[in-house]
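First comes the structure, then the notes that go with it.
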Amino acid sequence: MRIPAPALRRVRLIAVIALFISLLGLGQASAAEPAPPAITMSVDHPVVTPGQVGTLTITFTNQQSSDVQFLYVSTYGSEQATPTPYDTRVEFVSCTGDASTCAFDQTASYFNMTAPTVPIAPGESRTVRLSYRFTPESNCHSTSTVAFGVLYFYYEYAQGTQTYEGKQWIVPGVSPTIAVTCPAAG
């Protein structure tokens, strides 16, 4: 059976229009939720001795298309060794950088990265540096490793009409870690 020429032209025209729309991206479904914010972390010393101070650097980058008006972050350090030596403990000792408030609770820290400097424009970053140490009485003869993660973060964007809330768990091989070791014999 042969297709009449006018019908064949209509099929070709419809195919060309569908191809054009798909190339423009108009045929794609829109994302239901925005991408989570980019939070990156790093440590300056992966191995420390008891009492030595190291730095955990946390950077947030606004990946939204509108300003972030409020950002609250809570980080934590979690023992990774099994069994964990009872007398080994990491503690936060200070906070510097783009945080208006900063508090510590044993192995956790809490800070606001917006107030008083708001907003965080699209593509702009804010960085906080947390100083930490293993307590001077920590057991350095047993293997003890602490990994850092984000326990909680919350931010508001689009003039406060939209929010994002989430976590960034510790991921083996990705999250920054520190280990305690005994000082070299002198």
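Labeling convention for the structure tokens: chains A, B, ... as they appear, residues from 1 per chain, ligands from 1 in order of appearance.
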
Skipping near chain neighbours, those fewer than 3 positions away, what residues fall within 8 Å of Gly77 (chain A) using only C-alpha atoms, listed as an NGL selection string? :A and (90 or 107-108 or 146-149)

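Among the candidates A:Asp67, A:Glu124, A:Asp98, A:Glu137, the one nearest to Tyr157 (chain A) when counting only C-alpha atoms is A:Asp67.
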
Could you give me, as a list in words, the residues within 10 Å of Phe153 (chain A), counting only C-alpha atoms and dropping anything in the same chain fewer than 4 positions from it? Pro37, Ile39, Leu71, Tyr72, Val73, Ser74, Thr75, Tyr110, Phe111, Asn112, Tyr164, Glu165, Gly166, Lys167 and Gln168 of chain A

Residue subset to file, keeping all heavy atoms, as a short mmCIF file (atom, residue, chain, number, x, y, z; two decimals), in the first residue's frame:
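So the final result, stored in again_0.cif, reads:
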```
data_model
loop_
_atom_site.label_atom_id
_atom_site.label_comp_id
_atom_site.auth_asym_id
_atom_site.auth_seq_id
_atom_site.Cartn_x
_atom_site.Cartn_y
_atom_site.Cartn_z
N PRO A 37 22.83 21.97 47.75
CA PRO A 37 23.92 22.93 47.69
C PRO A 37 25.27 22.23 47.69
O PRO A 37 25.39 21.12 48.19
CB PRO A 37 23.74 23.75 48.97
CG PRO A 37 23.01 22.84 49.88
CD PRO A 37 22.12 22.00 49.02
N ILE A 39 28.52 21.67 49.18
CA ILE A 39 29.31 21.85 50.39
C ILE A 39 30.54 20.97 50.24
O ILE A 39 30.43 19.76 50.02
CB ILE A 39 28.53 21.46 51.66
CG1 ILE A 39 27.40 22.45 51.88
CG2 ILE A 39 29.45 21.43 52.87
CD1 ILE A 39 26.59 22.21 53.12
N LEU A 71 21.51 30.59 55.68
CA LEU A 71 22.20 29.30 55.59
C LEU A 71 22.70 28.92 56.97
O LEU A 71 23.45 29.66 57.60
CB LEU A 71 23.38 29.38 54.63
CG LEU A 71 24.30 28.17 54.57
CD1 LEU A 71 23.56 26.93 54.08
CD2 LEU A 71 25.49 28.45 53.69
N TYR A 72 22.29 27.76 57.44
CA TYR A 72 22.71 27.23 58.74
C TYR A 72 23.31 25.85 58.51
O TYR A 72 22.74 25.03 57.78
CB TYR A 72 21.50 27.13 59.67
CG TYR A 72 21.86 26.58 61.03
CD1 TYR A 72 22.37 27.41 62.01
CD2 TYR A 72 21.70 25.24 61.33
CE1 TYR A 72 22.71 26.93 63.26
CE2 TYR A 72 22.03 24.75 62.58
CZ TYR A 72 22.53 25.59 63.54
OH TYR A 72 22.87 25.10 64.77
N VAL A 73 24.48 25.60 59.10
CA VAL A 73 25.19 24.33 58.90
C VAL A 73 25.62 23.77 60.25
O VAL A 73 26.05 24.50 61.14
CB VAL A 73 26.44 24.52 58.01
CG1 VAL A 73 27.16 23.20 57.79
CG2 VAL A 73 26.07 25.15 56.67
N SER A 74 25.54 22.45 60.38
CA SER A 74 26.04 21.75 61.55
C SER A 74 26.94 20.63 61.07
O SER A 74 26.54 19.82 60.23
CB SER A 74 24.86 21.17 62.36
OG SER A 74 25.34 20.35 63.39
N THR A 75 28.17 20.59 61.56
CA THR A 75 29.11 19.54 61.16
C THR A 75 29.39 18.63 62.35
O THR A 75 29.12 18.99 63.50
CB THR A 75 30.44 20.13 60.67
OG1 THR A 75 31.04 20.85 61.74
CG2 THR A 75 30.24 21.04 59.48
N TYR A 110 28.21 24.25 65.06
CA TYR A 110 26.99 24.82 64.50
C TYR A 110 27.30 26.25 64.09
O TYR A 110 27.85 27.01 64.88
CB TYR A 110 25.88 24.83 65.56
CG TYR A 110 25.78 23.53 66.33
CD1 TYR A 110 26.48 23.37 67.52
CD2 TYR A 110 25.03 22.48 65.85
CE1 TYR A 110 26.42 22.18 68.23
CE2 TYR A 110 24.96 21.28 66.54
CZ TYR A 110 25.65 21.13 67.73
OH TYR A 110 25.59 19.96 68.41
N PHE A 111 26.95 26.64 62.86
CA PHE A 111 27.24 28.01 62.45
C PHE A 111 26.28 28.50 61.38
O PHE A 111 25.69 27.73 60.64
CB PHE A 111 28.69 28.17 61.98
CG PHE A 111 29.17 27.11 61.04
CD1 PHE A 111 29.04 27.25 59.68
CD2 PHE A 111 29.77 25.96 61.53
CE1 PHE A 111 29.49 26.27 58.81
CE2 PHE A 111 30.23 24.98 60.67
CZ PHE A 111 30.08 25.14 59.30
N ASN A 112 26.14 29.83 61.34
CA ASN A 112 25.33 30.53 60.37
C ASN A 112 26.29 31.20 59.39
O ASN A 112 27.14 31.98 59.80
CB ASN A 112 24.47 31.58 61.09
CG ASN A 112 23.59 32.36 60.14
OD1 ASN A 112 23.80 32.38 58.94
ND2 ASN A 112 22.59 33.02 60.70
N TYR A 164 15.77 24.52 51.27
CA TYR A 164 16.39 23.20 51.09
C TYR A 164 16.91 22.76 52.45
O TYR A 164 17.50 23.55 53.18
CB TYR A 164 17.54 23.24 50.08
CG TYR A 164 18.05 21.85 49.81
CD1 TYR A 164 17.49 21.08 48.81
CD2 TYR A 164 19.05 21.28 50.60
CE1 TYR A 164 17.91 19.78 48.58
CE2 TYR A 164 19.47 19.99 50.38
CZ TYR A 164 18.89 19.25 49.38
OH TYR A 164 19.31 17.96 49.16
N GLU A 165 16.70 21.51 52.77
CA GLU A 165 17.12 20.96 54.05
C GLU A 165 17.71 19.59 53.77
O GLU A 165 17.17 18.82 52.99
CB GLU A 165 15.89 20.84 54.95
CG GLU A 165 16.17 20.50 56.36
CD GLU A 165 14.91 20.63 57.22
OE1 GLU A 165 13.80 20.81 56.68
OE2 GLU A 165 15.07 20.54 58.42
N GLY A 166 18.87 19.28 54.37
CA GLY A 166 19.44 17.98 54.10
C GLY A 166 20.65 17.66 54.95
O GLY A 166 20.95 18.34 55.92
N LYS A 167 21.36 16.61 54.55
CA LYS A 167 22.53 16.10 55.25
C LYS A 167 23.58 15.72 54.23
O LYS A 167 23.28 15.48 53.07
CB LYS A 167 22.17 14.86 56.06
CG LYS A 167 21.13 15.11 57.10
CD LYS A 167 20.70 13.82 57.75
CE LYS A 167 19.67 14.19 58.80
NZ LYS A 167 18.74 13.20 59.09
N GLN A 168 24.80 15.65 54.66
CA GLN A 168 25.88 15.13 53.82
C GLN A 168 26.66 14.15 54.69
O GLN A 168 27.53 14.53 55.45
CB GLN A 168 26.78 16.27 53.33
CG GLN A 168 27.84 15.83 52.34
CD GLN A 168 28.50 17.03 51.70
OE1 GLN A 168 27.83 17.97 51.28
NE2 GLN A 168 29.81 17.01 51.61
#
```

Determine the nearest neighbour of Thr117 (chain A) from the options A:Ala158, A:Cys95, A:Cys182, A:Val68, counting only C-alpha atoms.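 Using only C-alpha atoms, the shortest distance to Thr117 (chain A) belongs to A:Val68.
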
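Taking CA of Gln63 (chain A) and CA of Val150 (chain A) as endpoints, the distance between them is 17.5 Å.
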
Option closest in space to Pro122 (chain A), from A:Gln69, A:Gln52, A:Ser109, A:Leu151 [counting only C-alpha atoms]: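 The answer is A:Gln69, which sits nearest to Pro122 (chain A).
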